[in-house]
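*Asks:* Below you'll find work_9.cif; it's mmCIF, C-alpha atoms.
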data_start
loop_
_atom_site.label_atom_id
_atom_site.label_comp_id
_atom_site.auth_asym_id
_atom_site.auth_seq_id
_atom_site.Cartn_x
_atom_site.Cartn_y
_atom_site.Cartn_z
CA MET L 17 8.64 -32.33 12.09
CA ASP L 18 11.48 -32.24 14.62
CA ARG L 19 11.17 -36.00 15.13
CA LEU L 20 11.82 -36.81 11.50
CA PRO L 21 15.30 -37.93 10.45
CA ALA L 22 17.54 -35.07 9.37
CA GLY L 23 17.62 -36.14 5.71
CA VAL L 24 13.85 -36.29 5.43
CA ARG L 25 13.54 -32.95 7.19
CA LYS L 26 15.94 -31.34 4.78
CA ALA L 27 14.16 -32.79 1.77
CA LEU L 28 10.79 -31.64 3.11
CA ARG L 29 12.11 -28.14 3.76
CA SER L 30 13.57 -27.77 0.30
CA THR L 31 10.35 -29.03 -1.29
CA VAL L 32 8.26 -26.55 0.69
CA THR L 33 10.64 -23.73 -0.23
CA ALA L 34 10.50 -24.68 -3.90
CA VAL L 35 6.70 -24.57 -3.80
CA ARG L 36 6.73 -21.16 -2.13
CA LEU L 37 9.14 -19.76 -4.69
CA ARG L 38 7.27 -21.21 -7.64
CA GLY L 39 6.41 -17.70 -8.85
CA CYS L 40 10.08 -16.85 -9.47
CA ARG L 41 11.81 -17.01 -12.83
CA SER L 42 15.04 -18.28 -11.29
CA VAL L 43 16.03 -19.27 -7.77
CA GLY L 44 19.57 -19.88 -6.50
CA SER L 45 20.67 -22.60 -4.14
CA GLY L 46 20.21 -22.55 -0.39
CA VAL L 47 17.36 -20.01 -0.38
CA ARG L 48 15.37 -20.09 2.86
CA VAL L 49 11.85 -18.90 3.43
CA TYR L 50 10.37 -18.51 6.90
CA GLY L 51 6.76 -17.52 7.44
CA ARG L 52 4.77 -15.97 4.64
CA LEU L 53 6.17 -14.87 1.30
CA TRP L 54 3.73 -13.50 -1.25
CA ILE L 55 4.91 -13.33 -4.84
CA HIS L 56 2.33 -12.02 -7.27
CA GLY L 57 2.18 -9.92 -10.41
CA GLU L 58 3.01 -10.92 -13.95
CA GLY L 59 6.67 -9.85 -14.08
CA ASP L 60 9.83 -11.82 -13.33
CA VAL L 61 11.58 -12.42 -10.03
CA TYR L 62 15.19 -13.58 -9.92
CA ILE L 63 16.62 -14.72 -6.60
CA GLY L 64 20.31 -15.39 -5.93
CA ASP L 65 21.97 -17.97 -3.72
CA ARG L 66 21.49 -18.24 0.04
CA VAL L 67 18.85 -15.50 0.25
CA ILE L 68 16.80 -15.50 3.46
CA PHE L 69 13.19 -14.32 3.49
CA ASP L 70 12.17 -13.91 7.10
CA GLY L 71 8.41 -13.52 6.93
CA SER L 72 7.74 -15.05 10.32
CA LEU L 73 6.77 -11.72 11.88
CA ALA L 74 4.79 -10.27 8.96
CA PRO L 75 4.34 -11.28 5.31
CA ILE L 76 6.83 -10.27 2.60
CA GLU L 77 5.52 -9.04 -0.74
CA LEU L 78 7.32 -9.21 -4.09
CA PHE L 79 5.18 -7.59 -6.75
CA PRO L 80 6.61 -7.16 -10.25
CA TRP L 81 4.10 -5.66 -12.67
CA ALA L 82 3.78 -7.14 -16.14
CA GLY L 83 7.13 -6.84 -17.92
CA ALA L 84 8.96 -5.73 -14.76
CA THR L 85 11.83 -7.49 -13.01
CA ILE L 86 12.88 -7.80 -9.39
CA SER L 87 16.27 -9.35 -8.81
CA ILE L 88 17.76 -10.07 -5.42
CA GLY L 89 21.48 -10.76 -5.09
CA ASP L 90 23.32 -13.52 -3.25
CA ASP L 91 23.42 -13.68 0.56
CA SER L 92 20.64 -11.11 0.97
CA TYR L 93 18.30 -10.93 3.91
CA ILE L 94 14.75 -9.60 3.57
CA GLY L 95 12.91 -8.88 6.81
CA GLY L 96 9.20 -9.33 7.53
CA GLY L 97 6.66 -6.80 6.31
CA THR L 98 8.90 -5.70 3.46
CA SER L 99 7.19 -4.87 0.21
CA ILE L 100 9.06 -4.63 -3.09
CA GLU L 101 6.92 -3.38 -5.96
CA ALA L 102 8.47 -2.97 -9.42
CA THR L 103 6.84 -1.40 -12.44
CA ALA L 104 10.09 -1.61 -14.47
CA SER L 105 13.13 -2.88 -12.61
CA ILE L 106 14.45 -3.18 -9.07
CA THR L 107 17.88 -4.71 -8.64
CA LEU L 108 19.23 -5.54 -5.20
CA GLY L 109 22.91 -6.48 -5.12
CA ALA L 110 24.68 -9.12 -3.06
CA LYS L 111 24.52 -8.96 0.73
CA THR L 112 21.56 -6.56 0.83
CA ASN L 113 20.02 -6.45 4.27
CA LEU L 114 16.52 -5.03 4.48
CA GLY L 115 15.10 -4.74 8.00
CA GLY L 116 11.43 -5.26 8.69
CA PHE L 117 8.64 -3.26 7.05
CA CYS L 118 10.78 -1.70 4.33
CA ARG L 119 9.23 -0.51 1.12
CA VAL L 120 11.12 -0.42 -2.17
CA MET L 121 9.38 1.05 -5.21
CA ASP L 122 10.52 2.26 -8.62
CA ASN L 123 7.50 4.43 -9.33
CA HIS L 124 5.47 6.93 -7.36
CA PHE L 125 2.23 5.65 -8.94
CA HIS L 126 0.61 9.11 -9.08
CA PRO L 127 1.88 12.43 -10.42
CA LEU L 128 2.23 15.27 -7.90
CA VAL L 129 0.00 17.54 -9.93
CA GLY L 130 -2.55 16.80 -12.60
CA CYS L 131 -4.58 13.67 -13.09
CA ARG L 132 -3.88 11.22 -10.29
CA HIS L 133 -4.91 8.21 -12.31
CA ILE L 134 -1.98 8.40 -14.72
CA VAL L 135 0.95 6.27 -13.57
CA PRO L 136 4.17 8.23 -14.21
CA GLU L 137 7.24 6.87 -15.98
CA PRO L 138 9.15 4.38 -13.81
CA ARG L 139 12.72 5.07 -12.70
CA ALA L 140 14.76 1.98 -11.95
CA VAL L 141 16.11 1.31 -8.46
CA VAL L 142 19.61 -0.17 -8.21
CA PHE L 143 21.38 -1.31 -5.04
CA GLU L 144 25.02 -2.19 -5.33
CA ASP L 145 26.50 -4.74 -2.92
CA ASP L 146 26.56 -4.79 0.86
CA ILE L 147 23.74 -2.38 1.65
CA ILE L 148 21.97 -2.27 4.98
CA LEU L 149 18.64 -0.51 5.44
CA GLY L 150 17.08 -0.30 8.88
CA PRO L 151 13.50 -1.25 9.55
CA ARG L 152 10.70 0.92 8.12
CA SER L 153 12.93 2.47 5.47
CA ILE L 154 11.26 3.68 2.30
CA VAL L 155 13.20 3.71 -0.96
CA MET L 156 11.77 5.99 -3.63
CA ALA L 157 11.98 5.72 -7.41
CA GLY L 158 15.28 6.29 -9.23
CA VAL L 159 17.57 5.65 -6.25
CA HIS L 160 21.01 4.17 -6.88
CA LEU L 161 22.88 3.19 -3.71
CA ALA L 162 26.65 2.68 -3.87
CA ASN L 163 28.55 -0.20 -2.28
CA GLY L 164 28.36 -0.33 1.50
CA THR L 165 25.67 2.30 2.04
CA ARG L 166 23.87 2.08 5.37
CA TYR L 167 20.70 3.78 6.48
CA SER L 168 19.18 3.54 9.94
CA ALA L 169 15.58 2.88 10.87
CA GLY L 170 12.76 4.92 9.37
CA SER L 171 14.84 6.57 6.65
CA VAL L 172 13.12 7.87 3.55
CA ILE L 173 15.64 7.51 0.74
CA LYS L 174 14.92 9.62 -2.31
CA ARG L 175 18.44 10.54 -3.45
CA SER L 176 21.18 8.30 -4.76
CA SER L 177 24.40 7.76 -2.88
CA ARG L 178 27.39 7.82 -5.24
CA LYS L 179 29.95 6.71 -2.67
CA PRO L 180 29.68 4.59 0.46
CA ARG L 181 28.26 6.46 3.38
CA GLN L 182 26.51 5.92 6.60
CA LEU L 183 23.49 7.99 7.46
CA ARG L 184 21.64 8.61 10.66
CA MET T 1423 -22.62 14.51 2.19
CA ILE T 1424 -22.28 10.80 1.56
CA ARG T 1425 -24.15 11.07 -1.71
CA ASP T 1426 -22.10 12.81 -4.34
CA PRO T 1427 -24.40 14.45 -6.88
CA ALA T 1428 -21.64 14.23 -9.48
CA VAL T 1429 -21.61 10.44 -9.25
CA PRO T 1430 -24.60 8.76 -10.88
CA ARG T 1431 -26.63 6.75 -8.43
CA VAL T 1432 -26.27 3.03 -8.80
CA THR T 1433 -29.40 1.39 -7.53
CA GLY T 1434 -30.06 -2.21 -6.59
CA GLY T 1435 -31.54 -2.84 -10.00
CA LEU T 1436 -28.42 -1.63 -11.73
CA PHE T 1437 -26.34 -3.77 -9.41
CA LEU T 1438 -28.37 -6.81 -10.43
CA ARG T 1439 -27.92 -5.79 -14.04
CA GLU T 1440 -24.14 -5.88 -13.45
CA PHE T 1441 -24.54 -9.44 -12.23
CA ALA T 1442 -26.64 -10.36 -15.23
CA ARG T 1443 -23.98 -8.89 -17.51
CA LEU T 1444 -21.32 -10.94 -15.77
CA GLY T 1445 -23.44 -14.03 -16.19
CA ARG T 1446 -23.70 -13.43 -19.93
CA LEU T 1447 -19.97 -12.79 -20.11
CA ILE T 1448 -19.23 -16.08 -18.33
CA ALA T 1449 -21.47 -17.86 -20.80
CA THR T 1450 -19.84 -16.28 -23.85
CA ASN T 1451 -16.24 -15.67 -22.82
CA PRO T 1452 -15.27 -17.20 -19.47
CA TRP T 1453 -11.60 -16.26 -19.84
CA ALA T 1454 -12.42 -12.56 -20.07
CA ALA T 1455 -14.97 -12.84 -17.27
CA ARG T 1456 -12.48 -14.08 -14.71
CA ARG T 1457 -11.04 -10.61 -14.19
CA ARG T 1458 -14.39 -9.17 -13.26
CA VAL T 1459 -15.33 -11.76 -10.67
CA PRO T 1460 -13.15 -10.50 -7.75
CA ARG T 1461 -14.56 -7.02 -8.14
CA LEU T 1462 -18.14 -8.15 -7.88
CA LEU T 1463 -17.31 -10.35 -4.93
CA GLY T 1464 -15.64 -7.25 -3.45
CA VAL T 1465 -18.89 -5.32 -3.76
CA LEU T 1466 -20.75 -8.06 -1.91
CA ARG T 1467 -18.00 -8.25 0.67
CA ALA T 1468 -18.15 -4.50 1.33
CA ARG T 1469 -21.92 -4.70 1.74
CA PHE T 1470 -21.42 -7.36 4.39
CA LEU T 1471 -18.48 -5.68 6.16
CA LEU T 1472 -20.17 -2.28 6.29
CA ARG T 1473 -23.58 -3.67 7.19
CA ASN T 1474 -23.77 -1.53 10.35
CA CYS T 1475 -22.61 1.62 8.56
CA GLU T 1476 -24.19 4.27 6.42
CA ARG T 1477 -22.93 3.50 2.94
CA GLY T 1478 -23.21 4.59 -0.66
CA SER T 1479 -23.37 2.34 -3.68
CA LEU T 1480 -20.70 0.18 -5.30
CA ILE T 1481 -18.21 0.22 -2.46
CA VAL T 1482 -15.54 -2.39 -3.18
CA ALA T 1483 -13.56 -4.26 -0.53
CA LEU T 1484 -10.93 -6.39 -2.23
CA GLY T 1485 -9.06 -7.60 0.82
CA HIS T 1486 -9.18 -8.13 4.53
CA VAL T 1487 -10.94 -5.20 6.23
CA LYS T 1488 -11.61 -5.00 9.93
CA VAL T 1489 -14.54 -2.75 10.78
CA HIS T 1490 -15.31 -1.85 14.39
CA ALA T 1491 -18.44 0.27 14.12
CA LYS T 1492 -19.23 1.24 17.71
CA GLY T 1493 -19.86 4.81 16.57
CA SER T 1494 -21.20 5.91 13.22
CA ILE T 1495 -19.17 5.10 10.13
CA SER T 1496 -20.30 6.43 6.79
CA VAL T 1497 -18.68 5.46 3.52
CA GLY T 1498 -19.55 7.14 0.22
CA ASP T 1499 -20.15 5.90 -3.30
CA ARG T 1500 -17.50 3.91 -5.11
CA VAL T 1501 -15.00 3.92 -2.29
CA GLN T 1502 -12.35 1.26 -2.86
CA LEU T 1503 -10.68 -0.69 -0.08
CA ALA T 1504 -7.74 -2.54 -1.61
CA GLY T 1505 -6.38 -5.83 -0.35
CA GLY T 1506 -2.77 -6.76 0.30
CA MET T 1507 -0.30 -7.90 2.90
CA PHE T 1508 -2.00 -6.37 5.91
CA PRO T 1509 -5.64 -5.84 6.85
CA THR T 1510 -7.21 -2.40 6.65
CA GLU T 1511 -8.81 -1.28 9.88
CA LEU T 1512 -11.69 1.15 10.38
CA ASP T 1513 -12.11 1.66 14.10
CA CYS T 1514 -14.88 3.98 15.23
CA ARG T 1515 -15.41 4.21 18.98
CA LYS T 1516 -18.68 4.90 20.75
CA GLY T 1517 -20.09 8.36 20.00
CA ALA T 1518 -17.49 9.03 17.29
CA THR T 1519 -17.99 9.62 13.59
CA LEU T 1520 -15.80 8.32 10.78
CA THR T 1521 -16.60 9.59 7.31
CA ILE T 1522 -15.02 8.49 4.04
CA ASP T 1523 -16.51 10.44 1.15
CA SER T 1524 -17.14 9.17 -2.36
CA VAL T 1525 -14.57 7.81 -4.84
CA SER T 1526 -11.78 7.70 -2.27
CA PHE T 1527 -9.26 4.89 -2.46
CA LEU T 1528 -7.74 3.17 0.57
CA SER T 1529 -4.81 0.86 0.00
CA TYR T 1530 -3.93 -2.09 2.23
CA GLY T 1531 -2.84 -1.79 5.85
CA VAL T 1532 -4.55 1.55 6.43
CA SER T 1533 -5.57 2.08 10.02
CA ILE T 1534 -8.08 4.79 10.86
CA CYS T 1535 -9.10 5.21 14.47
CA ALA T 1536 -11.82 7.69 15.48
CA THR T 1537 -12.69 8.58 19.06
CA GLN T 1538 -14.31 11.93 18.13
CA ARG T 1539 -14.39 12.69 14.42
CA VAL T 1540 -12.31 11.72 11.41
CA GLU T 1541 -13.34 12.96 7.97
CA ILE T 1542 -11.85 11.95 4.64
CA GLY T 1543 -12.96 13.90 1.58
CA LYS T 1544 -13.79 12.97 -1.97
CA ARG T 1545 -11.33 11.39 -4.40
CA CYS T 1546 -8.62 10.95 -1.78
CA GLN T 1547 -5.82 8.46 -2.37
CA ILE T 1548 -4.77 6.89 0.92
CA GLY T 1549 -1.60 4.83 0.46
CA SER T 1550 -0.57 1.63 2.17
CA MET T 1551 0.25 1.53 5.87
CA VAL T 1552 -1.17 5.00 6.55
CA ARG T 1553 -2.29 5.64 10.12
CA ILE T 1554 -4.86 8.28 10.96
CA ARG T 1555 -6.02 8.78 14.52
CA ASP T 1556 -7.75 11.57 16.42
CA GLN T 1557 -6.48 10.71 19.87
CA ASN T 1558 -3.02 10.29 21.31
CA GLU T 1559 -1.34 10.46 24.71
CA MET T 1560 -1.74 14.27 24.70
CA GLY T 1561 -5.48 14.36 24.09
CA ALA T 1562 -8.03 14.17 21.30
CA ALA T 1563 -8.97 16.50 18.45
CA PRO T 1564 -10.84 15.87 15.19
CA VAL T 1565 -8.94 15.14 11.99
CA THR T 1566 -10.04 16.39 8.58
CA ILE T 1567 -8.59 15.20 5.29
CA CYS T 1568 -10.09 17.41 2.55
CA ASP T 1569 -10.91 16.47 -1.06
CA ASP T 1570 -8.32 15.26 -3.58
CA VAL T 1571 -5.63 14.61 -0.99
CA TRP T 1572 -2.94 12.00 -1.62
CA LEU T 1573 -1.37 10.46 1.48
CA ALA T 1574 1.56 8.35 0.29
CA TYR T 1575 2.97 5.16 1.81
CA GLY T 1576 3.31 5.02 5.59
CA VAL T 1577 2.09 8.52 6.44
CA ILE T 1578 1.01 9.13 10.03
CA VAL T 1579 -1.59 11.83 10.68
CA GLU T 1580 -1.75 13.07 14.26
CA PRO T 1581 -4.85 14.41 16.08
CA GLY T 1582 -6.23 17.86 15.27
CA VAL T 1583 -4.69 18.04 11.82
CA THR T 1584 -6.45 19.38 8.73
CA VAL T 1585 -4.91 18.42 5.40
CA GLY T 1586 -6.06 20.97 2.81
CA VAL T 1587 -7.66 20.40 -0.57
CA GLY T 1588 -5.45 18.83 -3.24
CA SER T 1589 -2.41 18.43 -0.99
CA VAL T 1590 0.13 15.64 -1.16
CA VAL T 1591 1.85 14.15 1.88
CA SER T 1592 5.09 12.40 1.00
CA ALA T 1593 5.89 8.82 2.00
CA GLY T 1594 6.84 8.20 5.61
CA SER T 1595 5.91 11.70 6.80
CA VAL T 1596 4.41 12.42 10.20
CA VAL T 1597 1.85 15.23 9.96
CA ARG T 1598 1.51 17.19 13.20
CA ASP T 1599 0.43 20.63 11.95
CA ASP T 1600 -2.19 21.66 9.42
CA VAL T 1601 -1.25 21.31 5.76
CA PRO T 1602 -2.50 24.22 3.62
CA PRO T 1603 -4.43 23.52 0.39
CA TYR T 1604 -2.43 22.52 -2.69
CA SER T 1605 0.85 21.92 -0.93
CA LEU T 1606 3.39 19.16 -0.50
CA ALA T 1607 4.15 18.07 3.07
CA VAL T 1608 7.40 16.23 3.75
CA GLY T 1609 9.27 15.03 6.82
CA ASN T 1610 8.87 14.34 10.51
CA PRO T 1611 7.30 16.63 11.63
CA ALA T 1612 6.00 17.46 8.16
CA THR T 1613 6.71 20.88 6.69
CA SER T 1614 4.66 22.15 3.77
CA VAL T 1615 5.69 23.83 0.53
CA PRO T 1616 3.22 25.00 -2.13
CA LEU T 1617 2.71 22.70 -5.09
CA ALA T 1618 3.26 24.76 -8.25
CA GLY T 1619 0.37 24.56 -10.66
CA ALA T 1620 -1.56 22.26 -8.40
CA ALA T 1621 -4.66 24.41 -8.23
CA VAL T 1622 -5.87 22.52 -11.25
CA ARG T 1623 -8.33 19.94 -10.08
CA ALA T 1624 -6.18 17.07 -8.87
CA SER T 1625 -8.31 14.16 -9.90
CA GLY T 1626 -9.22 12.80 -13.28
CA ALA T 1627 -12.53 11.65 -11.85
CA ALA T 1628 -13.89 15.18 -12.05
#
Take the structure I supplied and represent it as structure tokens, if you would.
*Replies:*
Amino acid sequence: MDRLPAGVRKALRSTVTAVRLRGCRSVGSGVRVYGRLWIHGEGDVYIGDRVIFDGSLAPIELFPWAGATISIGDDSYIGGGTSIEATASITLGAKTNLGGFCRVMDNHFHPLVGCRHIVPEPRAVVFEDDIILGPRSIVMAGVHLANGTRYSAGSVIKRSSRKPRQLR
Amino acid sequence: MIRDPAVPRVTGGLFLREFARLGRLIATNPWAARRRVPRLLGVLRARFLLRNCERGSLIVALGHVKVHAKGSISVGDRVQLAGGMFPTELDCRKGATLTIDSVSFLSYGVSICATQRVEIGKRCQIGSMVRIRDQNEMGAAPVTICDDVWLAYGVIVEPGVTVGVGSVVSAGSVVRDDVPPYSLAVGNPATSVPLAGAAVRASGAA
């Protein structure tokens, strides 16, 4: 592929990217996909401009359930091994940076007590702009992160941050 | 232990009857039948993957599962091994025993490594990316996960731990000490608090 003329290379790359993102409802311009990206589920995925999916290390999963939406803002970066599963709605703002092996979910899928087969009510996850999560972070249901929030590796985020802050 | 008396036995004949039913469904309503095909293929797949193991009936493997059965693995009735981004791994070393009891559910990317003994009870929900091992740099000790336990996403269970009946371990926790029955364990290292009203039987399968 490196020997091809630059124009052909570019055209090939954009075609391959378009095929990989065929499961999305809308895709912005300049989106790049490296490695494996797995979009499944019956819901809608909206992707902004210049988003980078870096699945070269491990696959990335976007899984909106039927009727759910996942939207990813402009200039975001999603690292390998990240799994985003929406039962209602997950909204990532512009310049979101998710390190590798993150997990974002808007539902806990089982109740703490009682019958484990009943899926509880979803609580939407909202990220405002410019958020950085370290690798292996887990974002629980109902979290709303304010502009500029940063979390380091391995954080389990179950509370919202109302103002920008930087945590361990 | 592997046979659960509460679960009706599904014999080979019944399994064939399932196939016959699917065949009729394909003939009458192929669009409705398409949802049932992966599940039946999963049953066949589990039979092949667990061919060197003691196994119950109607085990379903829906994704990539790596089984290293150097020791004795036993898997109960209606255990589900889900598929997803990462392969599930059941690694049982020589002389070790790995037991997964009936109606338990293992999500994708689960890694269970037994060098002595790892036991998982009935109706457990094991979330994605959970790691259970009974040996680390410090030594080896058997791990027991009792009935009706829910290990959420990315939990790590260290050697020598017993997770009590009906307990829940929160996502991303690292369990180093025993978790009492009907409690919620959170953090690294995980600390347990009682789950109010959890003494009701946790699963709807009962």
*Asks:* Starting from the PyMOL selection byres ((chain T) within 12 of (chain L)), expand the selection into actual residues of this file and give them as a ChimeraX atom specification.
*Replies:* /T:1506-1509,1526-1527,1530-1531,1545-1551,1570-1577,1588-1596,1604-1610,1616-1628
*Asks:* If we draw a sphere of 12 Å around (24.9, 5.4, 5.1), which residues have at least one atom in it when counting only C-alpha atoms? Please report them as JSON, numbers by chain.
*Replies:* {"L": [146, 147, 148, 149, 150, 161, 162, 163, 164, 165, 166, 167, 168, 169, 171, 173, 175, 176, 177, 178, 179, 180, 181, 182, 183, 184]}
*Asks:* Could you state which residues are captured by the PyMOL selection byres ((chain L and resi 59) around 7) in this file, as a list in words?
*Replies:*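 Taken on the displayed file, the PyMOL selection byres ((chain L and resi 59) around 7) yields the residues Gly57, Glu58, Asp60, Val61, Pro80, Trp81, Ala82, Gly83, Ala84 and Thr85 of chain L.
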*Asks:* Skip Leu1471 in chain T itself and residues of its chain fewer than 4 positions away, then list as number ranges by chain all residues within 9 Å of it, counting all atoms listed in the file.
*Replies:* T: 1466-1467, 1475, 1483, 1487-1489
*Asks:* Only C-alpha atoms, please: the residues just picked out, written as a PDB file, in the frame of the given file.
*Replies:*
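The resulting result-v3.pdb:
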ATOM      1  CA  LEU T1466     -20.750  -8.060  -1.910  1.00  0.00           C
ATOM      2  CA  ARG T1467     -18.000  -8.250   0.670  1.00  0.00           C
ATOM      3  CA  CYS T1475     -22.610   1.620   8.560  1.00  0.00           C
ATOM      4  CA  ALA T1483     -13.560  -4.260  -0.530  1.00  0.00           C
ATOM      5  CA  VAL T1487     -10.940  -5.200   6.230  1.00  0.00           C
ATOM      6  CA  LYS T1488     -11.610  -5.000   9.930  1.00  0.00           C
ATOM      7  CA  VAL T1489     -14.540  -2.750  10.780  1.00  0.00           C
TER       8      VAL T1489
END
*Asks:* I need the output of the PyMOL selection byres ((chain T and resi 1499) around 6) for this file as a VMD selection string; which residues are they?
*Replies:* chain T and resid 1478 to 1479 1498 1500 to 1501 1524
*Asks:* If you measure from CA of Asp1556 in chain T to CA of Cys118 in chain L, what distance in Å do you get, rounded to one decimal?
*Replies:*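 Here the two named atoms are 25.8 Å from each other.
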*Asks:* So what do you get for CA of Val49 in chain L versus CA of Gly64 in chain L, distance-wise?
*Replies:* 13.1 Å
